[in-house]
$ cat final.pdb   # PDB, C-alpha atoms, pLDDT in the B column
ATOM      1  CA  MET A   1     -88.876   8.462   4.506  1.00 78.00           C
ATOM      2  CA  ASP A   2     -89.241  10.962   7.312  1.00 77.00           C
ATOM      3  CA  ARG A   3     -92.089   9.121   8.974  1.00 85.00           C
ATOM      4  CA  ASP A   4     -90.467   5.672   8.928  1.00 91.00           C
ATOM      5  CA  PRO A   5     -90.243   4.096  12.394  1.00 92.00           C
ATOM      6  CA  PRO A   6     -86.914   4.147  14.270  1.00 95.00           C
ATOM      7  CA  LEU A   7     -84.480   1.387  13.315  1.00 96.00           C
ATOM      8  CA  TYR A   8     -85.308  -1.886  15.023  1.00 97.00           C
ATOM      9  CA  PHE A   9     -81.622  -2.855  15.043  1.00 97.00           C
ATOM     10  CA  GLN A  10     -78.950  -0.168  15.043  1.00 97.00           C
ATOM     11  CA  HIS A  11     -76.667  -2.455  13.043  1.00 98.00           C
ATOM     12  CA  HIS A  12     -78.063  -5.469  11.214  1.00 98.00           C
ATOM     13  CA  VAL A  13     -75.336  -7.766   9.901  1.00 98.00           C
ATOM     14  CA  PHE A  14     -76.028 -10.339   7.197  1.00 98.00           C
ATOM     15  CA  CYS A  15     -73.434 -13.065   6.685  1.00 97.00           C
ATOM     16  CA  CYS A  16     -73.769 -15.162   3.568  1.00 95.00           C
ATOM     17  CA  THR A  17     -73.809 -18.876   4.338  1.00 93.00           C
ATOM     18  CA  ASN A  18     -75.010 -20.002   0.930  1.00 91.00           C
ATOM     19  CA  GLU A  19     -73.795 -23.348  -0.353  1.00 91.00           C
ATOM     20  CA  ARG A  20     -73.449 -24.275  -4.015  1.00 91.00           C
ATOM     21  CA  PRO A  21     -72.572 -27.666  -5.497  1.00 91.00           C
ATOM     22  CA  ALA A  22     -68.872 -28.466  -5.593  1.00 89.00           C
ATOM     23  CA  GLY A  23     -67.212 -27.164  -8.749  1.00 90.00           C
ATOM     24  CA  HIS A  24     -69.637 -24.288  -9.385  1.00 91.00           C
ATOM     25  CA  LYS A  25     -67.723 -21.579 -11.223  1.00 91.00           C
ATOM     26  CA  ARG A  26     -68.671 -18.804  -8.773  1.00 92.00           C
ATOM     27  CA  GLY A  27     -67.873 -20.851  -5.691  1.00 90.00           C
ATOM     28  CA  CYS A  28     -69.855 -20.114  -2.534  1.00 91.00           C
ATOM     29  CA  CYS A  29     -69.424 -18.429   0.810  1.00 91.00           C
ATOM     30  CA  LYS A  30     -70.107 -21.605   2.748  1.00 91.00           C
ATOM     31  CA  ASN A  31     -67.152 -23.374   1.148  1.00 88.00           C
ATOM     32  CA  ARG A  32     -65.037 -20.280   1.817  1.00 90.00           C
ATOM     33  CA  GLY A  33     -65.851 -20.533   5.525  1.00 90.00           C
ATOM     34  CA  GLY A  34     -68.869 -18.193   5.748  1.00 92.00           C
ATOM     35  CA  GLU A  35     -70.865 -20.317   8.132  1.00 93.00           C
ATOM     36  CA  LYS A  36     -68.042 -20.761  10.607  1.00 96.00           C
ATOM     37  CA  LEU A  37     -67.308 -17.031  10.529  1.00 97.00           C
ATOM     38  CA  ARG A  38     -70.971 -16.192  11.040  1.00 96.00           C
ATOM     39  CA  ASN A  39     -71.225 -18.542  13.996  1.00 97.00           C
ATOM     40  CA  TYR A  40     -68.154 -17.006  15.583  1.00 97.00           C
ATOM     41  CA  MET A  41     -69.412 -13.475  14.978  1.00 98.00           C
ATOM     42  CA  LYS A  42     -72.802 -14.234  16.518  1.00 97.00           C
ATOM     43  CA  ALA A  43     -71.271 -15.816  19.605  1.00 97.00           C
ATOM     44  CA  ARG A  44     -68.681 -13.076  20.046  1.00 97.00           C
ATOM     45  CA  ALA A  45     -71.236 -10.281  19.620  1.00 97.00           C
ATOM     46  CA  LYS A  46     -73.269 -11.915  22.362  1.00 96.00           C
ATOM     47  CA  GLU A  47     -70.239 -12.132  24.636  1.00 97.00           C
ATOM     48  CA  LEU A  48     -69.518  -8.466  24.044  1.00 96.00           C
ATOM     49  CA  GLY A  49     -73.133  -7.594  24.884  1.00 96.00           C
ATOM     50  CA  LEU A  50     -73.478  -5.363  21.839  1.00 95.00           C
ATOM     51  CA  ALA A  51     -76.764  -3.500  22.161  1.00 91.00           C
ATOM     52  CA  GLY A  52     -78.927  -3.080  19.083  1.00 95.00           C
ATOM     53  CA  VAL A  53     -76.800  -5.388  16.957  1.00 97.00           C
ATOM     54  CA  ARG A  54     -78.151  -8.467  15.187  1.00 98.00           C
ATOM     55  CA  ILE A  55     -75.937 -11.005  13.418  1.00 98.00           C
ATOM     56  CA  ASN A  56     -77.903 -12.938  10.792  1.00 97.00           C
ATOM     57  CA  SER A  57     -77.184 -15.616   8.268  1.00 97.00           C
ATOM     58  CA  SER A  58     -78.455 -15.022   4.765  1.00 97.00           C
ATOM     59  CA  GLY A  59     -78.833 -16.683   1.420  1.00 96.00           C
ATOM     60  CA  CYS A  60     -76.630 -15.756  -1.525  1.00 96.00           C
ATOM     61  CA  LEU A  61     -75.770 -12.049  -1.513  1.00 96.00           C
ATOM     62  CA  ASP A  62     -74.524 -12.303  -5.120  1.00 95.00           C
ATOM     63  CA  ARG A  63     -70.999 -11.103  -4.460  1.00 95.00           C
ATOM     64  CA  CYS A  64     -69.656 -14.631  -4.281  1.00 93.00           C
ATOM     65  CA  GLU A  65     -66.276 -13.958  -5.843  1.00 92.00           C
ATOM     66  CA  LEU A  66     -65.444 -11.535  -3.034  1.00 95.00           C
ATOM     67  CA  GLY A  67     -66.727 -13.754  -0.231  1.00 92.00           C
ATOM     68  CA  PRO A  68     -67.188 -14.779   2.442  1.00 96.00           C
ATOM     69  CA  SER A  69     -69.524 -11.787   2.145  1.00 97.00           C
ATOM     70  CA  MET A  70     -71.067  -9.684   4.879  1.00 98.00           C
ATOM     71  CA  VAL A  71     -73.177  -6.559   4.601  1.00 98.00           C
ATOM     72  CA  ILE A  72     -74.127  -4.260   7.466  1.00 98.00           C
ATOM     73  CA  TYR A  73     -77.297  -2.156   7.315  1.00 98.00           C
ATOM     74  CA  PRO A  74     -78.603   0.484   7.366  1.00 97.00           C
ATOM     75  CA  GLU A  75     -75.200   1.802   6.347  1.00 96.00           C
ATOM     76  CA  GLY A  76     -74.878  -0.670   3.462  1.00 97.00           C
ATOM     77  CA  VAL A  77     -71.203  -1.410   4.037  1.00 98.00           C
ATOM     78  CA  TRP A  78     -69.899  -4.656   2.527  1.00 98.00           C
ATOM     79  CA  TYR A  79     -66.958  -6.660   3.780  1.00 98.00           C
ATOM     80  CA  SER A  80     -64.888  -9.578   2.544  1.00 97.00           C
ATOM     81  CA  VAL A  81     -64.247 -11.535   5.726  1.00 97.00           C
ATOM     82  CA  ARG A  82     -61.745 -14.343   5.635  1.00 96.00           C
ATOM     83  CA  SER A  83     -60.708 -15.026   9.212  1.00 97.00           C
ATOM     84  CA  ILE A  84     -61.636 -14.856  12.869  1.00 98.00           C
ATOM     85  CA  GLU A  85     -59.278 -11.889  13.137  1.00 98.00           C
ATOM     86  CA  ASP A  86     -61.239 -10.107  10.401  1.00 98.00           C
ATOM     87  CA  VAL A  87     -64.461 -10.679  12.330  1.00 98.00           C
ATOM     88  CA  ASP A  88     -62.893  -9.362  15.525  1.00 98.00           C
ATOM     89  CA  GLU A  89     -61.750  -6.227  13.739  1.00 98.00           C
ATOM     90  CA  ILE A  90     -65.239  -5.576  12.291  1.00 98.00           C
ATOM     91  CA  LEU A  91     -66.820  -6.111  15.696  1.00 98.00           C
ATOM     92  CA  ARG A  92     -64.429  -3.703  17.361  1.00 98.00           C
ATOM     93  CA  THR A  93     -63.937  -1.029  14.732  1.00 98.00           C
ATOM     94  CA  HIS A  94     -67.325  -0.950  12.994  1.00 98.00           C
ATOM     95  CA  LEU A  95     -69.855  -2.231  15.509  1.00 98.00           C
ATOM     96  CA  VAL A  96     -68.368  -0.940  18.753  1.00 97.00           C
ATOM     97  CA  GLU A  97     -66.540   2.184  17.611  1.00 96.00           C
ATOM     98  CA  GLY A  98     -68.700   3.120  14.626  1.00 96.00           C
ATOM     99  CA  GLY A  99     -65.795   3.254  12.189  1.00 97.00           C
ATOM    100  CA  ARG A 100     -64.952   1.279   9.068  1.00 98.00           C
ATOM    101  CA  VAL A 101     -62.444  -1.495   8.431  1.00 98.00           C
ATOM    102  CA  GLU A 102     -61.232  -0.093   5.158  1.00 97.00           C
ATOM    103  CA  ARG A 103     -58.856  -2.931   4.322  1.00 97.00           C
ATOM    104  CA  LEU A 104     -61.801  -5.387   4.251  1.00 98.00           C
ATOM    105  CA  MET A 105     -64.377  -3.264   2.426  1.00 98.00           C
ATOM    106  CA  MET A 106     -65.557  -4.536  -0.949  1.00 97.00           C
ATOM    107  CA  PRO A 107     -65.070  -2.247  -3.939  1.00 94.00           C
ATOM    108  CA  PRO A 108     -68.071  -0.247  -5.225  1.00 91.00           C
ATOM    109  CA  ARG A 109     -70.217  -1.650  -8.015  1.00 84.00           C
ATOM    110  CA  PRO A 110     -68.575  -0.991 -11.394  1.00 80.00           C
ATOM    111  CA  ALA A 111     -70.401   1.676 -13.372  1.00 75.00           C
ATOM    112  CA  ASP A 112     -71.161  -0.753 -16.195  1.00 69.00           C
ATOM    113  CA  ALA A 113     -72.371  -3.648 -14.020  1.00 69.00           C
ATOM    114  CA  ALA A 114     -75.708  -5.313 -14.667  1.00 60.00           C
ATOM    115  CA  ASP A 115     -78.170  -5.628 -11.801  1.00 58.00           C
TER     116      ASP A 115
ATOM    117  CA  MET B   1     -70.615   7.905   7.000  1.00 78.00           C
ATOM    118  CA  ASP B   2     -70.068  10.497   4.334  1.00 77.00           C
ATOM    119  CA  ARG B   3     -67.345   8.557   2.583  1.00 85.00           C
ATOM    120  CA  ASP B   4     -69.171   5.206   2.469  1.00 91.00           C
ATOM    121  CA  PRO B   5     -69.476   3.818  -1.061  1.00 92.00           C
ATOM    122  CA  PRO B   6     -72.809   4.143  -2.910  1.00 95.00           C
ATOM    123  CA  LEU B   7     -75.391   1.488  -2.084  1.00 96.00           C
ATOM    124  CA  TYR B   8     -74.757  -1.743  -3.947  1.00 97.00           C
ATOM    125  CA  PHE B   9     -78.487  -2.507  -4.015  1.00 97.00           C
ATOM    126  CA  GLN B  10     -81.006   0.326  -3.873  1.00 97.00           C
ATOM    127  CA  HIS B  11     -83.414  -1.918  -1.984  1.00 98.00           C
ATOM    128  CA  HIS B  12     -82.202  -5.084  -0.288  1.00 98.00           C
ATOM    129  CA  VAL B  13     -85.062  -7.279   0.908  1.00 98.00           C
ATOM    130  CA  PHE B  14     -84.518 -10.015   3.489  1.00 98.00           C
ATOM    131  CA  CYS B  15     -87.260 -12.602   3.870  1.00 97.00           C
ATOM    132  CA  CYS B  16     -87.050 -14.865   6.898  1.00 95.00           C
ATOM    133  CA  THR B  17     -87.237 -18.527   5.941  1.00 93.00           C
ATOM    134  CA  ASN B  18     -86.090 -19.872   9.299  1.00 91.00           C
ATOM    135  CA  GLU B  19     -87.491 -23.212  10.419  1.00 90.00           C
ATOM    136  CA  ARG B  20     -87.900 -24.302  14.020  1.00 91.00           C
ATOM    137  CA  PRO B  21     -88.978 -27.685  15.348  1.00 91.00           C
ATOM    138  CA  ALA B  22     -92.722 -28.266  15.427  1.00 89.00           C
ATOM    139  CA  GLY B  23     -94.300 -27.020  18.642  1.00 90.00           C
ATOM    140  CA  HIS B  24     -91.713 -24.318  19.407  1.00 91.00           C
ATOM    141  CA  LYS B  25     -93.468 -21.587  21.360  1.00 91.00           C
ATOM    142  CA  ARG B  26     -92.348 -18.773  19.057  1.00 92.00           C
ATOM    143  CA  GLY B  27     -93.255 -20.633  15.888  1.00 90.00           C
ATOM    144  CA  CYS B  28     -91.250 -19.863  12.771  1.00 91.00           C
ATOM    145  CA  CYS B  29     -91.563 -18.000   9.501  1.00 91.00           C
ATOM    146  CA  LYS B  30     -91.083 -21.116   7.409  1.00 91.00           C
ATOM    147  CA  ASN B  31     -94.120 -22.784   8.923  1.00 88.00           C
ATOM    148  CA  ARG B  32     -96.069 -19.569   8.422  1.00 90.00           C
ATOM    149  CA  GLY B  33     -95.261 -19.675   4.698  1.00 90.00           C
ATOM    150  CA  GLY B  34     -92.145 -17.513   4.582  1.00 92.00           C
ATOM    151  CA  GLU B  35     -90.262 -19.639   2.093  1.00 93.00           C
ATOM    152  CA  LYS B  36     -93.104 -19.790  -0.404  1.00 96.00           C
ATOM    153  CA  LEU B  37     -93.612 -16.038  -0.134  1.00 97.00           C
ATOM    154  CA  ARG B  38     -89.906 -15.386  -0.614  1.00 96.00           C
ATOM    155  CA  ASN B  39     -89.777 -17.611  -3.686  1.00 97.00           C
ATOM    156  CA  TYR B  40     -92.767 -15.824  -5.182  1.00 97.00           C
ATOM    157  CA  MET B  41     -91.303 -12.403  -4.411  1.00 98.00           C
ATOM    158  CA  LYS B  42     -87.967 -13.273  -5.993  1.00 97.00           C
ATOM    159  CA  ALA B  43     -89.570 -14.627  -9.164  1.00 97.00           C
ATOM    160  CA  ARG B  44     -92.002 -11.730  -9.463  1.00 97.00           C
ATOM    161  CA  ALA B  45     -89.295  -9.111  -8.910  1.00 97.00           C
ATOM    162  CA  LYS B  46     -87.349 -10.717 -11.736  1.00 96.00           C
ATOM    163  CA  GLU B  47     -90.383 -10.661 -14.020  1.00 97.00           C
ATOM    164  CA  LEU B  48     -90.897  -6.988 -13.245  1.00 96.00           C
ATOM    165  CA  GLY B  49     -87.234  -6.287 -14.055  1.00 96.00           C
ATOM    166  CA  LEU B  50     -86.754  -4.221 -10.904  1.00 95.00           C
ATOM    167  CA  ALA B  51     -83.378  -2.526 -11.156  1.00 91.00           C
ATOM    168  CA  GLY B  52     -81.186  -2.392  -8.071  1.00 95.00           C
ATOM    169  CA  VAL B  53     -83.458  -4.677  -6.046  1.00 97.00           C
ATOM    170  CA  ARG B  54     -82.276  -7.893  -4.404  1.00 98.00           C
ATOM    171  CA  ILE B  55     -84.637 -10.394  -2.760  1.00 98.00           C
ATOM    172  CA  ASN B  56     -82.787 -12.541  -0.218  1.00 97.00           C
ATOM    173  CA  SER B  57     -83.659 -15.282   2.168  1.00 97.00           C
ATOM    174  CA  SER B  58     -82.358 -14.934   5.703  1.00 97.00           C
ATOM    175  CA  GLY B  59     -82.086 -16.769   8.966  1.00 96.00           C
ATOM    176  CA  CYS B  60     -84.231 -15.850  11.952  1.00 96.00           C
ATOM    177  CA  LEU B  61     -84.883 -12.108  12.107  1.00 96.00           C
ATOM    178  CA  ASP B  62     -86.137 -12.459  15.703  1.00 95.00           C
ATOM    179  CA  ARG B  63     -89.590 -11.028  15.115  1.00 95.00           C
ATOM    180  CA  CYS B  64     -91.131 -14.474  14.765  1.00 93.00           C
ATOM    181  CA  GLU B  65     -94.475 -13.681  16.363  1.00 92.00           C
ATOM    182  CA  LEU B  66     -95.173 -11.082  13.670  1.00 95.00           C
ATOM    183  CA  GLY B  67     -94.013 -13.243  10.765  1.00 92.00           C
ATOM    184  CA  PRO B  68     -93.607 -14.148   8.062  1.00 96.00           C
ATOM    185  CA  SER B  69     -91.098 -11.327   8.470  1.00 97.00           C
ATOM    186  CA  MET B  70     -89.441  -9.181   5.843  1.00 98.00           C
ATOM    187  CA  VAL B  71     -87.152  -6.190   6.259  1.00 98.00           C
ATOM    188  CA  ILE B  72     -86.071  -3.825   3.505  1.00 98.00           C
ATOM    189  CA  TYR B  73     -82.786  -1.916   3.759  1.00 98.00           C
ATOM    190  CA  PRO B  74     -81.339   0.656   3.817  1.00 97.00           C
ATOM    191  CA  GLU B  75     -84.670   2.108   4.897  1.00 96.00           C
ATOM    192  CA  GLY B  76     -85.125  -0.475   7.671  1.00 97.00           C
ATOM    193  CA  VAL B  77     -88.833  -0.980   7.071  1.00 98.00           C
ATOM    194  CA  TRP B  78     -90.319  -4.216   8.434  1.00 98.00           C
ATOM    195  CA  TYR B  79     -93.372  -5.987   7.081  1.00 98.00           C
ATOM    196  CA  SER B  80     -95.605  -8.840   8.199  1.00 97.00           C
ATOM    197  CA  VAL B  81     -96.358 -10.603   4.937  1.00 97.00           C
ATOM    198  CA  ARG B  82     -99.029 -13.267   4.886  1.00 96.00           C
ATOM    199  CA  SER B  83    -100.100 -13.727   1.273  1.00 97.00           C
ATOM    200  CA  ILE B  84     -99.145 -13.430  -2.378  1.00 97.00           C
ATOM    201  CA  GLU B  85    -101.322 -10.325  -2.500  1.00 98.00           C
ATOM    202  CA  ASP B  86     -99.280  -8.775   0.314  1.00 98.00           C
ATOM    203  CA  VAL B  87     -96.081  -9.458  -1.642  1.00 98.00           C
ATOM    204  CA  ASP B  88     -97.564  -7.891  -4.775  1.00 98.00           C
ATOM    205  CA  GLU B  89     -98.514  -4.783  -2.843  1.00 98.00           C
ATOM    206  CA  ILE B  90     -95.010  -4.411  -1.364  1.00 98.00           C
ATOM    207  CA  LEU B  91     -93.445  -4.876  -4.799  1.00 98.00           C
ATOM    208  CA  ARG B  92     -95.690  -2.265  -6.349  1.00 98.00           C
ATOM    209  CA  THR B  93     -96.040   0.310  -3.594  1.00 98.00           C
ATOM    210  CA  HIS B  94     -92.665   0.110  -1.853  1.00 98.00           C
ATOM    211  CA  LEU B  95     -90.193  -1.186  -4.426  1.00 98.00           C
ATOM    212  CA  VAL B  96     -91.600   0.337  -7.613  1.00 97.00           C
ATOM    213  CA  GLU B  97     -93.258   3.514  -6.340  1.00 96.00           C
ATOM    214  CA  GLY B  98     -91.041   4.171  -3.327  1.00 96.00           C
ATOM    215  CA  GLY B  99     -93.944   4.360  -0.863  1.00 97.00           C
ATOM    216  CA  ARG B 100     -94.891   2.308   2.175  1.00 98.00           C
ATOM    217  CA  VAL B 101     -97.569  -0.356   2.685  1.00 98.00           C
ATOM    218  CA  GLU B 102     -98.698   0.972   6.018  1.00 97.00           C
ATOM    219  CA  ARG B 103    -101.242  -1.758   6.724  1.00 97.00           C
ATOM    220  CA  LEU B 104     -98.451  -4.390   6.688  1.00 98.00           C
ATOM    221  CA  MET B 105     -95.753  -2.501   8.591  1.00 98.00           C
ATOM    222  CA  MET B 106     -94.647  -3.994  11.903  1.00 97.00           C
ATOM    223  CA  PRO B 107     -94.995  -1.811  14.996  1.00 94.00           C
ATOM    224  CA  PRO B 108     -91.899  -0.051  16.361  1.00 91.00           C
ATOM    225  CA  ARG B 109     -89.837  -1.703  19.080  1.00 84.00           C
ATOM    226  CA  PRO B 110     -91.435  -1.118  22.495  1.00 80.00           C
ATOM    227  CA  ALA B 111     -89.462   1.356  24.584  1.00 75.00           C
ATOM    228  CA  ASP B 112     -88.834  -1.258  27.288  1.00 69.00           C
ATOM    229  CA  ALA B 113     -87.794  -4.106  24.981  1.00 69.00           C
ATOM    230  CA  ALA B 114     -84.556  -5.978  25.550  1.00 60.00           C
ATOM    231  CA  ASP B 115     -82.148  -6.407  22.656  1.00 58.00           C
TER     232      ASP B 115
END
$ encode --input "final.pdb" --output "structure tokens"
Amino acid sequence: MDRDPPLYFQHHVFCCTNERPAGHKRGCCKNRGGEKLRNYMKARAKELGLAGVRINSSGCLDRCELGPSMVIYPEGVWYSVRSIEDVDEILRTHLVEGGRVERLMMPPRPADAAD
Amino acid sequence: MDRDPPLYFQHHVFCCTNERPAGHKRGCCKNRGGEKLRNYMKARAKELGLAGVRINSSGCLDRCELGPSMVIYPEGVWYSVRSIEDVDEILRTHLVEGGRVERLMMPPRPADAAD
């Protein structure tokens, strides 16, 4: 709303690090490498001295099949991030340059999806 | 950006459940009750059948002194949430009615704050 305070973080990144039991049908971001990727992203963002950027871990973001999942707010852009190189590209293109890494963006919610 | 996909969740709530060792000078949201409040909020949101709302846990949101901390995106509104009654008010006023619970909103970042 118009009177909301200014953003506390200019870009707030949430990286799913949720772990499910082995064999769960949806899998989990932790077993897909989410925690390692989050740790790298946090350390690298610090090295780069990115102002106004926060890299957080989060619980299950419910897009497990597309994970490791990351979402960046307030823009609400979701990424499937599978490697250190993917993280580097998001840091550079999205967080430094303000663009989008289109090849890593998750597809929109299907029109018939349940909540 | 104009061509970003539609929001996947209309309101995405992150509740800090981070735990620090006892005696840490900043304290932590878990010891202030953050996990219990998050669990209640998630269950109650489900009971209410809120469409397009996701209640997540998160790692440290770095506003520990004001916690238990919650932030709701894409609007970027931060709340200090100390009781079940506070959670109920945020569910009703913010997530159902689209308003703000001004008495629980965190203050803006000070102009001289470091990142």
$ closest_residue --input "final.pdb" --among "A:Ile72, A:Gly34, A:Ala111, A:His24" --to "His94 of chain A" --atoms "all atoms listed in the file"
A:Ile72
$ residues_near_point --input "final.pdb" --point "(-69.1, -1.7, 16.4)" --cutoff "10 Å" --atoms "all atoms listed in the file" --output "count of residues only"
18
$ interface_residues --input "final.pdb" --of "chain A" --to "chain B" --cutoff "8 Å" --atoms "all atoms listed in the file" --output "list of chain:residue names"
A:Met1, A:Asp4, A:Pro5, A:Pro6, A:Leu7, A:Tyr8, A:Phe14, A:Ala51, A:Gly52, A:Val53, A:Asn56, A:Ser57, A:Ser58, A:Gly59, A:Cys60, A:Leu61, A:Tyr73, A:Pro74, A:Glu75, A:Gly76, A:Val77, A:Pro108, A:Arg109, A:Asp115
$ calpha_fit_and_write --input "final.pdb" --fixed "chain A" --moving "chain B" --output "mmCIF file with C-alpha atoms, in the frame of the given file"
data_model
loop_
_atom_site.group_PDB
_atom_site.id
_atom_site.type_symbol
_atom_site.label_atom_id
_atom_site.label_comp_id
_atom_site.auth_asym_id
_atom_site.auth_seq_id
_atom_site.Cartn_x
_atom_site.Cartn_y
_atom_site.Cartn_z
ATOM 1 C CA MET B 1 -88.872 8.492 4.530
ATOM 2 C CA ASP B 2 -89.273 10.985 7.313
ATOM 3 C CA ARG B 3 -92.106 9.125 8.975
ATOM 4 C CA ASP B 4 -90.476 5.673 8.932
ATOM 5 C CA PRO B 5 -90.257 4.108 12.393
ATOM 6 C CA PRO B 6 -86.914 4.155 14.252
ATOM 7 C CA LEU B 7 -84.487 1.397 13.301
ATOM 8 C CA TYR B 8 -85.309 -1.875 15.013
ATOM 9 C CA PHE B 9 -81.629 -2.855 15.042
ATOM 10 C CA GLN B 10 -78.952 -0.168 15.029
ATOM 11 C CA HIS B 11 -76.673 -2.456 13.035
ATOM 12 C CA HIS B 12 -78.062 -5.466 11.195
ATOM 13 C CA VAL B 13 -75.331 -7.763 9.896
ATOM 14 C CA PHE B 14 -76.027 -10.341 7.191
ATOM 15 C CA CYS B 15 -73.438 -13.061 6.688
ATOM 16 C CA CYS B 16 -73.772 -15.165 3.558
ATOM 17 C CA THR B 17 -73.798 -18.872 4.344
ATOM 18 C CA ASN B 18 -75.015 -19.992 0.929
ATOM 19 C CA GLU B 19 -73.806 -23.351 -0.346
ATOM 20 C CA ARG B 20 -73.454 -24.295 -3.995
ATOM 21 C CA PRO B 21 -72.570 -27.669 -5.479
ATOM 22 C CA ALA B 22 -68.866 -28.460 -5.589
ATOM 23 C CA GLY B 23 -67.213 -27.159 -8.744
ATOM 24 C CA HIS B 24 -69.639 -24.280 -9.380
ATOM 25 C CA LYS B 25 -67.727 -21.567 -11.206
ATOM 26 C CA ARG B 26 -68.687 -18.803 -8.774
ATOM 27 C CA GLY B 27 -67.894 -20.857 -5.696
ATOM 28 C CA CYS B 28 -69.857 -20.118 -2.544
ATOM 29 C CA CYS B 29 -69.443 -18.430 0.808
ATOM 30 C CA LYS B 30 -70.104 -21.607 2.754
ATOM 31 C CA ASN B 31 -67.166 -23.375 1.161
ATOM 32 C CA ARG B 32 -65.036 -20.304 1.809
ATOM 33 C CA GLY B 33 -65.855 -20.536 5.525
ATOM 34 C CA GLY B 34 -68.842 -18.206 5.744
ATOM 35 C CA GLU B 35 -70.848 -20.334 8.134
ATOM 36 C CA LYS B 36 -68.024 -20.763 10.618
ATOM 37 C CA LEU B 37 -67.300 -17.038 10.522
ATOM 38 C CA ARG B 38 -70.964 -16.197 11.035
ATOM 39 C CA ASN B 39 -71.225 -18.551 14.001
ATOM 40 C CA TYR B 40 -68.140 -17.010 15.575
ATOM 41 C CA MET B 41 -69.404 -13.479 14.965
ATOM 42 C CA LYS B 42 -72.787 -14.228 16.509
ATOM 43 C CA ALA B 43 -71.270 -15.818 19.612
ATOM 44 C CA ARG B 44 -68.676 -13.082 20.042
ATOM 45 C CA ALA B 45 -71.227 -10.289 19.614
ATOM 46 C CA LYS B 46 -73.267 -11.910 22.365
ATOM 47 C CA GLU B 47 -70.238 -12.134 24.646
ATOM 48 C CA LEU B 48 -69.513 -8.465 24.041
ATOM 49 C CA GLY B 49 -73.131 -7.593 24.887
ATOM 50 C CA LEU B 50 -73.486 -5.359 21.835
ATOM 51 C CA ALA B 51 -76.760 -3.486 22.169
ATOM 52 C CA GLY B 52 -78.935 -3.083 19.096
ATOM 53 C CA VAL B 53 -76.795 -5.399 16.965
ATOM 54 C CA ARG B 54 -78.157 -8.462 15.177
ATOM 55 C CA ILE B 55 -75.941 -11.016 13.416
ATOM 56 C CA ASN B 56 -77.907 -12.933 10.779
ATOM 57 C CA SER B 57 -77.190 -15.605 8.267
ATOM 58 C CA SER B 58 -78.463 -15.020 4.754
ATOM 59 C CA GLY B 59 -78.834 -16.683 1.409
ATOM 60 C CA CYS B 60 -76.635 -15.751 -1.533
ATOM 61 C CA LEU B 61 -75.769 -12.050 -1.515
ATOM 62 C CA ASP B 62 -74.531 -12.305 -5.124
ATOM 63 C CA ARG B 63 -71.002 -11.103 -4.474
ATOM 64 C CA CYS B 64 -69.663 -14.645 -4.286
ATOM 65 C CA GLU B 65 -66.276 -13.972 -5.849
ATOM 66 C CA LEU B 66 -65.434 -11.545 -3.039
ATOM 67 C CA GLY B 67 -66.721 -13.768 -0.236
ATOM 68 C CA PRO B 68 -67.183 -14.773 2.422
ATOM 69 C CA SER B 69 -69.525 -11.797 2.148
ATOM 70 C CA MET B 70 -71.061 -9.683 4.874
ATOM 71 C CA VAL B 71 -73.173 -6.549 4.599
ATOM 72 C CA ILE B 72 -74.121 -4.256 7.461
ATOM 73 C CA TYR B 73 -77.291 -2.152 7.299
ATOM 74 C CA PRO B 74 -78.587 0.499 7.362
ATOM 75 C CA GLU B 75 -75.177 1.805 6.347
ATOM 76 C CA GLY B 76 -74.866 -0.668 3.456
ATOM 77 C CA VAL B 77 -71.194 -1.413 4.028
ATOM 78 C CA TRP B 78 -69.894 -4.662 2.515
ATOM 79 C CA TYR B 79 -66.950 -6.666 3.781
ATOM 80 C CA SER B 80 -64.883 -9.588 2.530
ATOM 81 C CA VAL B 81 -64.238 -11.541 5.706
ATOM 82 C CA ARG B 82 -61.725 -14.353 5.630
ATOM 83 C CA SER B 83 -60.688 -15.041 9.217
ATOM 84 C CA ILE B 84 -61.630 -14.859 12.879
ATOM 85 C CA GLU B 85 -59.279 -11.894 13.143
ATOM 86 C CA ASP B 86 -61.224 -10.100 10.406
ATOM 87 C CA VAL B 87 -64.460 -10.688 12.331
ATOM 88 C CA ASP B 88 -62.895 -9.356 15.532
ATOM 89 C CA GLU B 89 -61.764 -6.221 13.745
ATOM 90 C CA ILE B 90 -65.239 -5.580 12.289
ATOM 91 C CA LEU B 91 -66.834 -6.114 15.700
ATOM 92 C CA ARG B 92 -64.445 -3.711 17.367
ATOM 93 C CA THR B 93 -63.943 -1.035 14.734
ATOM 94 C CA HIS B 94 -67.321 -0.960 12.989
ATOM 95 C CA LEU B 95 -69.868 -2.229 15.502
ATOM 96 C CA VAL B 96 -68.381 -0.939 18.755
ATOM 97 C CA GLU B 97 -66.541 2.193 17.629
ATOM 98 C CA GLY B 98 -68.711 3.115 14.652
ATOM 99 C CA GLY B 99 -65.798 3.251 12.196
ATOM 100 C CA ARG B 100 -64.966 1.291 9.065
ATOM 101 C CA VAL B 101 -62.444 -1.496 8.430
ATOM 102 C CA GLU B 102 -61.235 -0.082 5.161
ATOM 103 C CA ARG B 103 -58.851 -2.918 4.326
ATOM 104 C CA LEU B 104 -61.789 -5.384 4.243
ATOM 105 C CA MET B 105 -64.371 -3.257 2.432
ATOM 106 C CA MET B 106 -65.555 -4.528 -0.944
ATOM 107 C CA PRO B 107 -65.077 -2.228 -3.933
ATOM 108 C CA PRO B 108 -68.064 -0.231 -5.212
ATOM 109 C CA ARG B 109 -70.213 -1.634 -8.002
ATOM 110 C CA PRO B 110 -68.579 -0.984 -11.388
ATOM 111 C CA ALA B 111 -70.403 1.693 -13.358
ATOM 112 C CA ASP B 112 -71.175 -0.752 -16.180
ATOM 113 C CA ALA B 113 -72.381 -3.640 -14.007
ATOM 114 C CA ALA B 114 -75.720 -5.294 -14.659
ATOM 115 C CA ASP B 115 -78.154 -5.718 -11.785
#
$ atom_distance --input "final.pdb" --atom1 "atom CA of Tyr40 of chain B" --atom2 "atom CA of Arg32 of chain A"
28.9 Å
